[in-house]
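Raw contents of coords-v7.pdb, PDB, C-alpha atoms:
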```pdb
ATOM      1  CA  MET A  44       6.639-160.378 -58.745  1.00  0.00           C
ATOM      2  CA  PHE A  45       3.744-159.399 -56.500  1.00  0.00           C
ATOM      3  CA  LEU A  46       1.856-162.639 -57.207  1.00  0.00           C
ATOM      4  CA  PHE A  47       4.921-164.849 -56.737  1.00  0.00           C
ATOM      5  CA  SER A  48       5.867-163.163 -53.460  1.00  0.00           C
ATOM      6  CA  THR A  49       2.303-163.415 -52.177  1.00  0.00           C
ATOM      7  CA  ILE A  50       2.110-167.143 -52.963  1.00  0.00           C
ATOM      8  CA  ILE A  51       5.498-167.869 -51.392  1.00  0.00           C
ATOM      9  CA  GLY A  52       4.671-165.772 -48.322  1.00  0.00           C
ATOM     10  CA  GLN A  53       1.319-167.513 -47.849  1.00  0.00           C
ATOM     11  CA  LEU A  54       2.874-170.980 -48.098  1.00  0.00           C
ATOM     12  CA  VAL A  55       5.645-170.115 -45.635  1.00  0.00           C
ATOM     13  CA  MET A  56       3.312-168.504 -43.090  1.00  0.00           C
ATOM     14  CA  THR A  57       0.766-171.311 -43.390  1.00  0.00           C
ATOM     15  CA  TYR A  58       3.197-174.175 -42.799  1.00  0.00           C
ATOM     16  CA  ALA A  59       5.981-172.514 -40.768  1.00  0.00           C
ATOM     17  CA  SER A  60       4.249-170.089 -38.415  1.00  0.00           C
ATOM     18  CA  SER A  61       1.944-170.314 -35.410  1.00  0.00           C
ATOM     19  CA  PHE A  62      -0.631-167.887 -36.833  1.00  0.00           C
ATOM     20  CA  ASN A  63      -4.094-169.426 -37.025  1.00  0.00           C
ATOM     21  CA  ASN A  64      -5.350-167.225 -39.870  1.00  0.00           C
ATOM     22  CA  CYS A  65      -2.295-165.843 -41.610  1.00  0.00           C
ATOM     23  CA  ILE A  66      -2.570-163.659 -44.694  1.00  0.00           C
ATOM     24  CA  ALA A  67       0.591-162.978 -46.666  1.00  0.00           C
ATOM     25  CA  LEU A  68       0.596-160.141 -49.155  1.00  0.00           C
ATOM     26  CA  GLN A  69       2.364-156.899 -49.840  1.00  0.00           C
ATOM     27  CA  MET A  70       0.635-153.932 -48.246  1.00  0.00           C
ATOM     28  CA  VAL A  71      -0.791-151.664 -50.917  1.00  0.00           C
ATOM     29  CA  GLU A  72       0.211-148.734 -48.720  1.00  0.00           C
ATOM     30  CA  ASN A  73       3.852-149.481 -49.572  1.00  0.00           C
ATOM     31  CA  ALA A  74       3.251-148.897 -53.288  1.00  0.00           C
ATOM     32  CA  PRO A  75       4.283-145.203 -53.157  1.00  0.00           C
ATOM     33  CA  PHE A  76       7.621-146.200 -51.598  1.00  0.00           C
ATOM     34  CA  CYS A  77       8.181-148.820 -54.303  1.00  0.00           C
ATOM     35  CA  GLN A  78       7.346-146.148 -56.861  1.00  0.00           C
ATOM     36  CA  ALA A  79       9.906-143.817 -55.275  1.00  0.00           C
ATOM     37  CA  LEU A  80      12.552-146.556 -55.525  1.00  0.00           C
ATOM     38  CA  THR A  81      11.644-146.957 -59.189  1.00  0.00           C
ATOM     39  CA  TYR A  82      12.176-143.253 -59.878  1.00  0.00           C
ATOM     40  CA  ILE A  83      15.612-143.383 -58.207  1.00  0.00           C
ATOM     41  CA  VAL A  84      16.687-146.360 -60.328  1.00  0.00           C
ATOM     42  CA  VAL A  85      15.402-144.866 -63.591  1.00  0.00           C
ATOM     43  CA  GLU A  86      17.103-141.552 -62.832  1.00  0.00           C
ATOM     44  CA  THR A  87      20.395-143.354 -62.201  1.00  0.00           C
ATOM     45  CA  GLN A  88      20.335-146.132 -64.820  1.00  0.00           C
ATOM     46  CA  GLY A  89      17.572-145.263 -67.240  1.00  0.00           C
ATOM     47  CA  TYR A  90      15.415-148.037 -68.669  1.00  0.00           C
ATOM     48  CA  GLY A  91      16.451-151.567 -69.517  1.00  0.00           C
ATOM     49  CA  LYS A  92      17.261-154.960 -68.043  1.00  0.00           C
ATOM     50  CA  GLU A  93      20.024-153.490 -65.870  1.00  0.00           C
ATOM     51  CA  ALA A  94      17.551-151.116 -64.251  1.00  0.00           C
ATOM     52  CA  LEU A  95      15.146-153.992 -63.579  1.00  0.00           C
ATOM     53  CA  SER A  96      17.976-155.918 -61.983  1.00  0.00           C
ATOM     54  CA  THR A  97      18.686-153.041 -59.589  1.00  0.00           C
ATOM     55  CA  LEU A  98      15.005-152.474 -58.874  1.00  0.00           C
ATOM     56  CA  PHE A  99      14.279-156.112 -58.033  1.00  0.00           C
ATOM     57  CA  PHE A 100      17.326-156.169 -55.787  1.00  0.00           C
ATOM     58  CA  LEU A 101      16.028-153.085 -53.957  1.00  0.00           C
ATOM     59  CA  PHE A 102      12.561-154.589 -53.552  1.00  0.00           C
ATOM     60  CA  GLY A 103      14.082-157.748 -52.107  1.00  0.00           C
ATOM     61  CA  LEU A 104      16.464-155.824 -49.861  1.00  0.00           C
ATOM     62  CA  ALA A 105      13.631-153.652 -48.535  1.00  0.00           C
ATOM     63  CA  SER A 106      11.600-156.776 -47.720  1.00  0.00           C
ATOM     64  CA  VAL A 107      14.550-158.315 -45.868  1.00  0.00           C
ATOM     65  CA  ILE A 108      15.148-155.119 -43.863  1.00  0.00           C
ATOM     66  CA  VAL A 109      11.476-154.788 -42.877  1.00  0.00           C
ATOM     67  CA  GLY A 110      11.220-158.486 -41.996  1.00  0.00           C
ATOM     68  CA  SER A 111      14.448-158.391 -39.967  1.00  0.00           C
ATOM     69  CA  THR A 112      13.239-155.340 -38.057  1.00  0.00           C
ATOM     70  CA  PHE A 113       9.975-157.020 -37.091  1.00  0.00           C
ATOM     71  CA  TYR A 114      11.810-160.205 -36.146  1.00  0.00           C
ATOM     72  CA  LEU A 115      14.275-158.389 -33.882  1.00  0.00           C
ATOM     73  CA  LEU A 116      11.467-156.457 -32.184  1.00  0.00           C
ATOM     74  CA  GLY A 117       9.679-159.718 -31.470  1.00  0.00           C
ATOM     75  CA  ARG A 118      12.788-161.717 -30.605  1.00  0.00           C
ATOM     76  CA  TYR A 119      13.947-159.234 -27.975  1.00  0.00           C
ATOM     77  CA  GLN A 120      10.408-158.239 -26.901  1.00  0.00           C
ATOM     78  CA  LEU A 121      10.804-154.628 -27.921  1.00  0.00           C
ATOM     79  CA  GLY A 122       7.351-154.253 -29.422  1.00  0.00           C
ATOM     80  CA  LYS A 123       6.238-151.824 -26.723  1.00  0.00           C
ATOM     81  CA  VAL A 124       8.770-149.321 -28.039  1.00  0.00           C
ATOM     82  CA  LEU A 125       6.321-148.633 -30.855  1.00  0.00           C
ATOM     83  CA  TYR A 126       3.822-147.182 -28.382  1.00  0.00           C
ATOM     84  CA  PHE A 127       6.125-144.196 -27.895  1.00  0.00           C
ATOM     85  CA  PHE A 128       4.743-142.796 -31.163  1.00  0.00           C
ATOM     86  CA  PRO A 129       2.491-139.842 -30.185  1.00  0.00           C
ATOM     87  CA  THR A 130      -1.246-140.266 -30.695  1.00  0.00           C
ATOM     88  CA  HIS A 131      -1.472-137.399 -33.189  1.00  0.00           C
ATOM     89  CA  VAL A 132       1.213-139.114 -35.294  1.00  0.00           C
ATOM     90  CA  LEU A 133      -0.835-142.316 -35.343  1.00  0.00           C
ATOM     91  CA  VAL A 134      -4.018-140.440 -36.246  1.00  0.00           C
ATOM     92  CA  GLY A 135      -2.199-138.663 -39.072  1.00  0.00           C
ATOM     93  CA  CYS A 136      -0.740-141.970 -40.248  1.00  0.00           C
ATOM     94  CA  ILE A 137      -4.202-143.549 -40.348  1.00  0.00           C
ATOM     95  CA  GLY A 138      -5.450-140.660 -42.470  1.00  0.00           C
ATOM     96  CA  GLY A 139      -2.409-140.943 -44.729  1.00  0.00           C
ATOM     97  CA  ILE A 140      -3.016-144.659 -45.186  1.00  0.00           C
ATOM     98  CA  GLY A 141      -6.550-143.887 -46.331  1.00  0.00           C
ATOM     99  CA  ILE A 142      -5.241-141.381 -48.889  1.00  0.00           C
ATOM    100  CA  PHE A 143      -2.617-143.871 -50.109  1.00  0.00           C
ATOM    101  CA  ILE A 144      -5.228-146.618 -50.558  1.00  0.00           C
ATOM    102  CA  GLY A 145      -7.725-144.356 -52.313  1.00  0.00           C
ATOM    103  CA  ASN A 146      -5.184-142.747 -54.631  1.00  0.00           C
ATOM    104  CA  THR A 147      -3.396-146.002 -55.488  1.00  0.00           C
ATOM    105  CA  GLY A 148      -6.666-147.881 -55.968  1.00  0.00           C
ATOM    106  CA  VAL A 149      -8.001-145.334 -58.452  1.00  0.00           C
ATOM    107  CA  GLU A 150      -4.728-145.204 -60.398  1.00  0.00           C
ATOM    108  CA  VAL A 151      -4.421-149.006 -60.630  1.00  0.00           C
ATOM    109  CA  ASN A 152      -8.049-149.607 -61.581  1.00  0.00           C
ATOM    110  CA  ALA A 153      -8.154-146.789 -64.137  1.00  0.00           C
ATOM    111  CA  ASN A 154      -4.626-147.491 -65.407  1.00  0.00           C
ATOM    112  CA  ALA A 155      -3.919-143.761 -65.230  1.00  0.00           C
ATOM    113  CA  SER A 156      -2.612-141.127 -62.847  1.00  0.00           C
ATOM    114  CA  PHE A 157      -5.093-139.637 -60.380  1.00  0.00           C
ATOM    115  CA  PRO A 158      -6.278-136.565 -62.353  1.00  0.00           C
ATOM    116  CA  ALA A 159      -6.269-138.380 -65.696  1.00  0.00           C
ATOM    117  CA  PHE A 160      -8.750-141.102 -64.719  1.00  0.00           C
ATOM    118  CA  LEU A 161     -11.616-138.711 -65.516  1.00  0.00           C
ATOM    119  CA  GLU A 162     -10.728-138.911 -69.202  1.00  0.00           C
ATOM    120  CA  THR A 163     -13.398-140.527 -71.333  1.00  0.00           C
ATOM    121  CA  ASP A 164     -11.211-143.406 -72.503  1.00  0.00           C
ATOM    122  CA  LYS A 165     -10.220-144.303 -68.915  1.00  0.00           C
ATOM    123  CA  LEU A 166     -13.454-143.841 -66.978  1.00  0.00           C
ATOM    124  CA  HIS A 167     -14.999-147.143 -68.087  1.00  0.00           C
ATOM    125  CA  LEU A 168     -12.158-149.045 -66.399  1.00  0.00           C
ATOM    126  CA  LEU A 169     -13.104-147.511 -63.067  1.00  0.00           C
ATOM    127  CA  LEU A 170     -16.845-147.987 -63.596  1.00  0.00           C
ATOM    128  CA  ILE A 171     -16.332-151.744 -63.954  1.00  0.00           C
ATOM    129  CA  VAL A 172     -14.730-151.876 -60.502  1.00  0.00           C
ATOM    130  CA  PHE A 173     -17.581-149.845 -58.999  1.00  0.00           C
ATOM    131  CA  ALA A 174     -20.096-152.226 -60.594  1.00  0.00           C
ATOM    132  CA  PHE A 175     -18.443-155.253 -58.991  1.00  0.00           C
ATOM    133  CA  GLU A 176     -18.348-153.485 -55.618  1.00  0.00           C
ATOM    134  CA  ALA A 177     -22.039-152.536 -55.864  1.00  0.00           C
ATOM    135  CA  GLY A 178     -22.908-156.139 -56.726  1.00  0.00           C
ATOM    136  CA  LEU A 179     -21.130-157.457 -53.624  1.00  0.00           C
ATOM    137  CA  ARG A 180     -22.804-154.862 -51.410  1.00  0.00           C
ATOM    138  CA  LEU A 181     -26.250-155.836 -52.704  1.00  0.00           C
ATOM    139  CA  LEU A 182     -25.614-159.560 -52.261  1.00  0.00           C
ATOM    140  CA  THR A 183     -24.340-158.953 -48.728  1.00  0.00           C
ATOM    141  CA  TYR A 184     -27.446-156.912 -47.896  1.00  0.00           C
ATOM    142  CA  TRP A 185     -29.858-159.483 -49.328  1.00  0.00           C
ATOM    143  CA  THR A 186     -28.273-162.402 -47.464  1.00  0.00           C
ATOM    144  CA  LYS A 187     -28.363-160.920 -43.961  1.00  0.00           C
ATOM    145  CA  ASP A 188     -30.119-162.797 -41.194  1.00  0.00           C
ATOM    146  CA  GLU A 189     -32.301-161.348 -38.443  1.00  0.00           C
ATOM    147  CA  THR A 190     -29.264-160.199 -36.441  1.00  0.00           C
ATOM    148  CA  GLY A 191     -27.709-158.383 -39.387  1.00  0.00           C
ATOM    149  CA  GLN A 192     -24.992-160.996 -39.930  1.00  0.00           C
ATOM    150  CA  SER A 193     -24.336-162.686 -43.255  1.00  0.00           C
ATOM    151  CA  ARG A 194     -25.858-166.151 -43.675  1.00  0.00           C
ATOM    152  CA  TYR A 195     -23.006-167.179 -45.981  1.00  0.00           C
ATOM    153  CA  PRO A 196     -19.500-166.435 -44.604  1.00  0.00           C
ATOM    154  CA  LEU A 197     -17.901-167.603 -47.859  1.00  0.00           C
ATOM    155  CA  LEU A 198     -19.963-165.215 -49.994  1.00  0.00           C
ATOM    156  CA  SER A 199     -17.224-162.562 -50.278  1.00  0.00           C
ATOM    157  CA  PRO A 200     -14.279-164.883 -51.144  1.00  0.00           C
ATOM    158  CA  ILE A 201     -16.365-166.838 -53.673  1.00  0.00           C
ATOM    159  CA  TYR A 202     -17.520-163.554 -55.212  1.00  0.00           C
ATOM    160  CA  PHE A 203     -13.927-162.318 -55.552  1.00  0.00           C
ATOM    161  CA  ILE A 204     -12.814-165.616 -57.103  1.00  0.00           C
ATOM    162  CA  LEU A 205     -15.630-165.486 -59.679  1.00  0.00           C
ATOM    163  CA  ILE A 206     -14.908-161.905 -60.781  1.00  0.00           C
ATOM    164  CA  THR A 207     -12.152-162.852 -63.228  1.00  0.00           C
ATOM    165  CA  PRO A 208     -13.909-165.719 -65.088  1.00  0.00           C
ATOM    166  CA  VAL A 209     -17.243-163.880 -65.165  1.00  0.00           C
ATOM    167  CA  PHE A 210     -15.673-160.657 -66.433  1.00  0.00           C
ATOM    168  CA  TYR A 211     -13.709-162.320 -69.228  1.00  0.00           C
ATOM    169  CA  GLY A 212     -16.682-164.547 -70.010  1.00  0.00           C
ATOM    170  CA  PHE A 213     -18.799-161.469 -70.720  1.00  0.00           C
ATOM    171  CA  MET A 214     -15.918-159.967 -72.706  1.00  0.00           C
ATOM    172  CA  TYR A 215     -15.898-163.097 -74.880  1.00  0.00           C
ATOM    173  CA  ILE A 216     -19.698-163.136 -75.291  1.00  0.00           C
ATOM    174  CA  LEU A 217     -19.730-159.468 -76.303  1.00  0.00           C
ATOM    175  CA  GLY A 218     -16.895-160.061 -78.767  1.00  0.00           C
ATOM    176  CA  LYS A 219     -14.534-157.552 -77.167  1.00  0.00           C
ATOM    177  CA  ASP A 220     -10.822-157.576 -77.977  1.00  0.00           C
ATOM    178  CA  PHE A 221      -8.538-158.836 -75.231  1.00  0.00           C
ATOM    179  CA  ASP A 222      -5.959-156.097 -75.548  1.00  0.00           C
ATOM    180  CA  ASP A 223      -3.569-154.562 -73.026  1.00  0.00           C
ATOM    181  CA  GLN A 224      -6.406-152.558 -71.457  1.00  0.00           C
ATOM    182  CA  TYR A 225      -7.583-155.671 -69.630  1.00  0.00           C
ATOM    183  CA  PHE A 226      -4.481-157.874 -69.670  1.00  0.00           C
ATOM    184  CA  PHE A 227      -0.941-157.381 -68.481  1.00  0.00           C
ATOM    185  CA  PRO A 228       1.371-156.940 -71.463  1.00  0.00           C
ATOM    186  CA  ALA A 229       2.754-160.202 -72.818  1.00  0.00           C
ATOM    187  CA  ILE A 230       6.069-161.258 -71.328  1.00  0.00           C
ATOM    188  CA  ALA A 231       7.359-162.539 -74.640  1.00  0.00           C
ATOM    189  CA  GLU A 232       6.092-162.867 -78.178  1.00  0.00           C
ATOM    190  CA  CYS A 233       5.718-166.318 -79.675  1.00  0.00           C
ATOM    191  CA  VAL A 234       8.213-166.792 -82.505  1.00  0.00           C
ATOM    192  CA  ASP A 235       7.003-169.370 -84.985  1.00  0.00           C
ATOM    193  CA  ASP A 236       9.925-171.480 -86.185  1.00  0.00           C
ATOM    194  CA  GLY A 237       7.810-173.294 -88.781  1.00  0.00           C
ATOM    195  CA  THR A 238       6.759-176.125 -86.494  1.00  0.00           C
ATOM    196  CA  GLY A 239       3.906-174.217 -84.860  1.00  0.00           C
ATOM    197  CA  SER A 240       5.603-174.559 -81.474  1.00  0.00           C
ATOM    198  CA  CYS A 241       5.478-171.767 -78.915  1.00  0.00           C
ATOM    199  CA  ASP A 242       7.520-173.349 -76.159  1.00  0.00           C
ATOM    200  CA  ASN A 243       9.530-170.172 -75.683  1.00  0.00           C
ATOM    201  CA  VAL A 244       6.477-168.393 -74.222  1.00  0.00           C
ATOM    202  CA  THR A 245       6.143-170.998 -71.472  1.00  0.00           C
ATOM    203  CA  SER A 246       9.754-170.565 -70.441  1.00  0.00           C
ATOM    204  CA  ALA A 247       9.472-166.775 -70.643  1.00  0.00           C
ATOM    205  CA  ILE A 248       6.969-166.764 -67.769  1.00  0.00           C
ATOM    206  CA  PHE A 249       9.822-167.657 -65.412  1.00  0.00           C
ATOM    207  CA  ASP A 250      12.203-165.000 -66.756  1.00  0.00           C
ATOM    208  CA  ILE A 251      11.438-162.983 -63.627  1.00  0.00           C
ATOM    209  CA  PHE A 252      13.895-165.253 -61.780  1.00  0.00           C
ATOM    210  CA  HIS A 253      16.695-164.484 -64.265  1.00  0.00           C
ATOM    211  CA  LEU A 254      16.511-160.681 -64.181  1.00  0.00           C
ATOM    212  CA  ILE A 255      18.752-160.069 -61.179  1.00  0.00           C
ATOM    213  CA  ASP A 256      22.372-159.902 -62.292  1.00  0.00           C
ATOM    214  CA  PHE A 257      24.665-158.614 -59.541  1.00  0.00           C
ATOM    215  CA  SER A 258      27.169-157.435 -62.122  1.00  0.00           C
ATOM    216  CA  THR A 259      24.637-154.925 -63.507  1.00  0.00           C
ATOM    217  CA  ILE A 260      23.274-153.607 -60.208  1.00  0.00           C
ATOM    218  CA  SER A 261      23.865-149.887 -59.744  1.00  0.00           C
ATOM    219  CA  TRP A 262      25.251-149.507 -56.241  1.00  0.00           C
ATOM    220  CA  GLU A 263      24.942-145.756 -56.664  1.00  0.00           C
ATOM    221  CA  ALA A 264      21.179-146.190 -56.972  1.00  0.00           C
ATOM    222  CA  VAL A 265      21.225-148.528 -53.964  1.00  0.00           C
ATOM    223  CA  SER A 266      23.001-145.904 -51.839  1.00  0.00           C
ATOM    224  CA  LYS A 267      20.550-143.209 -52.961  1.00  0.00           C
ATOM    225  CA  SER A 268      17.648-145.501 -52.015  1.00  0.00           C
ATOM    226  CA  ILE A 269      18.717-145.981 -48.372  1.00  0.00           C
ATOM    227  CA  PRO A 270      16.629-143.039 -47.016  1.00  0.00           C
ATOM    228  CA  THR A 271      13.559-144.294 -48.904  1.00  0.00           C
ATOM    229  CA  MET A 272      14.004-147.827 -47.539  1.00  0.00           C
ATOM    230  CA  LEU A 273      14.408-146.471 -43.993  1.00  0.00           C
ATOM    231  CA  ALA A 274      11.190-144.494 -44.492  1.00  0.00           C
ATOM    232  CA  LEU A 275       9.539-147.704 -45.700  1.00  0.00           C
ATOM    233  CA  VAL A 276      10.617-149.497 -42.508  1.00  0.00           C
ATOM    234  CA  MET A 277       9.285-146.701 -40.292  1.00  0.00           C
ATOM    235  CA  PHE A 278       6.023-146.555 -42.207  1.00  0.00           C
ATOM    236  CA  SER A 279       5.581-150.323 -41.889  1.00  0.00           C
ATOM    237  CA  LEU A 280       6.089-150.082 -38.125  1.00  0.00           C
ATOM    238  CA  ILE A 281       3.715-147.138 -37.756  1.00  0.00           C
ATOM    239  CA  HIS A 282       1.187-148.951 -39.926  1.00  0.00           C
ATOM    240  CA  VAL A 283       1.077-151.878 -37.498  1.00  0.00           C
ATOM    241  CA  VAL A 284       0.841-149.540 -34.500  1.00  0.00           C
ATOM    242  CA  SER A 285      -1.991-147.688 -36.233  1.00  0.00           C
ATOM    243  CA  LEU A 286      -3.945-150.913 -36.677  1.00  0.00           C
ATOM    244  CA  VAL A 287      -3.472-151.746 -32.991  1.00  0.00           C
ATOM    245  CA  PHE A 288      -4.486-148.183 -32.096  1.00  0.00           C
ATOM    246  CA  VAL A 289      -7.717-148.456 -34.114  1.00  0.00           C
ATOM    247  CA  TYR A 290      -8.472-151.868 -32.583  1.00  0.00           C
ATOM    248  CA  ARG A 291      -7.992-150.604 -29.023  1.00  0.00           C
ATOM    249  CA  LEU A 292     -10.035-147.493 -29.769  1.00  0.00           C
ATOM    250  CA  SER A 293     -12.905-149.623 -31.081  1.00  0.00           C
ATOM    251  CA  LYS A 294     -12.770-151.748 -27.928  1.00  0.00           C
ATOM    252  CA  ILE A 295     -12.860-148.643 -25.735  1.00  0.00           C
ATOM    253  CA  ASN A 296     -15.876-147.286 -27.619  1.00  0.00           C
ATOM    254  CA  LYS A 297     -17.671-150.603 -27.122  1.00  0.00           C
ATOM    255  CA  GLY A 298     -16.743-150.747 -23.439  1.00  0.00           C
ATOM    256  CA  ASP A 299     -14.874-154.029 -23.925  1.00  0.00           C
ATOM    257  CA  PHE A 300     -11.358-152.740 -23.213  1.00  0.00           C
TER     258      PHE A 300
END
```

Spit out the file's structure as structure tokens when you get a sec.
Amino acid sequence: MFLFSTIIGQLVMTYASSFNNCIALQMVENAPFCQALTYIVVETQGYGKEALSTLFFLFGLASVIVGSTFYLLGRYQLGKVLYFFPTHVLVGCIGGIGIFIGNTGVEVNANASFPAFLETDKLHLLLIVFAFEAGLRLLTYWTKDETGQSRYPLLSPIYFILITPVFYGFMYILGKDFDDQYFFPAIAECVDDGTGSCDNVTSAIFDIFHLIDFSTISWEAVSKSIPTMLALVMFSLIHVVSLVFVYRLSKINKGDF
């Protein structure tokens, strides 16, 4: 869902917006709110396709609410209202964003909750990420010019693109098993009908578009999720204000503002 939404968002913003350098992706800082929505749905409906239907509906509804809020602020030129947030709130929000990013990044990379990533069988997952980061830092340092700027502006994006093929290439050379530690779990198993055909796996990739069934959505869970979605909207607004605050502060420190 994250990859599909990112691709669709990038295409829409590239061809239907006036932004020169638009980047469409879900903010990682919103992951705790999505996790909170998940807990509400599971508590109400348990596990199963019906719960996924409710959860995907909530994710979509939250995106529509956040997008509509930003649109209305821009359409009626109410953006300056956001500057009424006190400075100490913005500073606290910036610190909270850092905690969110650090905590979520460790949990995703180690595939474990924050305290559990120190376990022996999880630590190697995190070390791989650190190794890639160290490699990029060294390449960036070695390719600086006399002014301290990088000679190759495309070094970082090319490096990121090559991570996946290089990583799995080494996995293949070393003869490692490609299990669920390094891959997302399979969407569907291939059922051999005697012809050797696995066409059902190809169609299963698009099952994400068939999960939402309005007849199975728990409106009780939706009503319980309203405070969380409102918090998500407020956090998204404060997040943007925080970025502007940091930008203006950097300009002031440089004497350019």

Self-check item: Selection near range 197-207 of chain A, 10 Å with all atoms listed in the file, sequence-local residues under 2 positions removed, as a list in words
Solution: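 Those residues are Phe175, Glu176, Gly178, Leu179, Arg180, Leu182, Thr183, Thr186, Ser193, Arg194, Tyr195, Val209, Phe210, Tyr211 and Gly212 of chain A.
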
Could you turn the residues from that selection into a file that holds C-alpha atoms, as a CSV table (one decimal), in the coordinates of the input?
```
chain,number,residue,atom,x,y,z
A,175,PHE,CA,-18.4,-155.3,-59.0
A,176,GLU,CA,-18.3,-153.5,-55.6
A,178,GLY,CA,-22.9,-156.1,-56.7
A,179,LEU,CA,-21.1,-157.5,-53.6
A,180,ARG,CA,-22.8,-154.9,-51.4
A,182,LEU,CA,-25.6,-159.6,-52.3
A,183,THR,CA,-24.3,-159.0,-48.7
A,186,THR,CA,-28.3,-162.4,-47.5
A,193,SER,CA,-24.3,-162.7,-43.3
A,194,ARG,CA,-25.9,-166.2,-43.7
A,195,TYR,CA,-23.0,-167.2,-46.0
A,209,VAL,CA,-17.2,-163.9,-65.2
A,210,PHE,CA,-15.7,-160.7,-66.4
A,211,TYR,CA,-13.7,-162.3,-69.2
A,212,GLY,CA,-16.7,-164.5,-70.0
```

Quiz item: What does the distance between CA of Ser111 in chain A and CA of Ser60 in chain A come to in Å, to one decimal place?
Solution: 15.6 Å

Practice problem: Find the residue from A:Leu68, A:Ala94, A:Ala59, A:Ile50 that sits nearest to Phe257 in chain A; use only C-alpha atoms when measuring. | Solution: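 Of the candidates, the smallest distance to Phe257 in chain A is held by A:Ala94.
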
Which neighbours of Ser279 in chain A fall inside 8 Å, counting all atoms listed in the file, when residues of the same chain fewer than 4 positions from it are skipped, and could you give them as a compact mmCIF listing (two decimals) with C-alpha atoms, in the frame of the given file?
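Result written to result00.txt:
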```
# COMPACT_ATOMS: atom_id res chain seq x y z
CA ASN A 73 3.85 -149.48 -49.57
CA VAL A 109 11.48 -154.79 -42.88
CA LEU A 275 9.54 -147.70 -45.70
CA VAL A 283 1.08 -151.88 -37.50
```

Exercise. Kindly give the distance, in Å, that separates CA of Ile142 in chain A and CA of Val172 in chain A, rounded to a single decimal.
Key: 18.3 Å

Kindly add N, CA and C atoms to the incomplete range 129-140 of chain A and provide the output as a PDB file, keeping the file's coordinate frame.
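Final output, saved to result_36.pdb:
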```pdb
ATOM      1  N   PRO A 129       3.605-140.656 -30.707  1.00  0.00           N
ATOM      2  CA  PRO A 129       2.491-139.842 -30.185  1.00  0.00           C
ATOM      3  C   PRO A 129       1.173-140.179 -30.880  1.00  0.00           C
ATOM      4  N   THR A 130       0.078-139.945 -30.159  1.00  0.00           N
ATOM      5  CA  THR A 130      -1.246-140.266 -30.695  1.00  0.00           C
ATOM      6  C   THR A 130      -1.542-139.484 -31.962  1.00  0.00           C
ATOM      7  N   HIS A 131      -1.168-138.204 -32.003  1.00  0.00           N
ATOM      8  CA  HIS A 131      -1.472-137.399 -33.189  1.00  0.00           C
ATOM      9  C   HIS A 131      -0.706-137.904 -34.408  1.00  0.00           C
ATOM     10  N   VAL A 132       0.485-138.521 -34.175  1.00  0.00           N
ATOM     11  CA  VAL A 132       1.213-139.114 -35.294  1.00  0.00           C
ATOM     12  C   VAL A 132       0.463-140.319 -35.830  1.00  0.00           C
ATOM     13  N   LEU A 133      -0.070-141.140 -34.920  1.00  0.00           N
ATOM     14  CA  LEU A 133      -0.835-142.316 -35.343  1.00  0.00           C
ATOM     15  C   LEU A 133      -2.105-141.915 -36.083  1.00  0.00           C
ATOM     16  N   VAL A 134      -2.796-140.899 -35.574  1.00  0.00           N
ATOM     17  CA  VAL A 134      -4.018-140.440 -36.246  1.00  0.00           C
ATOM     18  C   VAL A 134      -3.696-139.924 -37.639  1.00  0.00           C
ATOM     19  N   GLY A 135      -2.608-139.149 -37.751  1.00  0.00           N
ATOM     20  CA  GLY A 135      -2.199-138.663 -39.072  1.00  0.00           C
ATOM     21  C   GLY A 135      -1.801-139.792 -39.997  1.00  0.00           C
ATOM     22  N   CYS A 136      -1.141-140.822 -39.433  1.00  0.00           N
ATOM     23  CA  CYS A 136      -0.740-141.970 -40.248  1.00  0.00           C
ATOM     24  C   CYS A 136      -1.965-142.716 -40.773  1.00  0.00           C
ATOM     25  N   ILE A 137      -2.979-142.869 -39.920  1.00  0.00           N
ATOM     26  CA  ILE A 137      -4.202-143.549 -40.348  1.00  0.00           C
ATOM     27  C   ILE A 137      -4.851-142.792 -41.502  1.00  0.00           C
ATOM     28  N   GLY A 138      -4.899-141.451 -41.368  1.00  0.00           N
ATOM     29  CA  GLY A 138      -5.450-140.660 -42.470  1.00  0.00           C
ATOM     30  C   GLY A 138      -4.623-140.775 -43.727  1.00  0.00           C
ATOM     31  N   GLY A 139      -3.289-140.783 -43.567  1.00  0.00           N
ATOM     32  CA  GLY A 139      -2.409-140.943 -44.729  1.00  0.00           C
ATOM     33  C   GLY A 139      -2.581-142.285 -45.407  1.00  0.00           C
ATOM     34  N   ILE A 140      -2.790-143.334 -44.612  1.00  0.00           N
ATOM     35  CA  ILE A 140      -3.016-144.659 -45.186  1.00  0.00           C
ATOM     36  C   ILE A 140      -4.275-144.654 -46.042  1.00  0.00           C
TER      37      ILE A 140
END
```
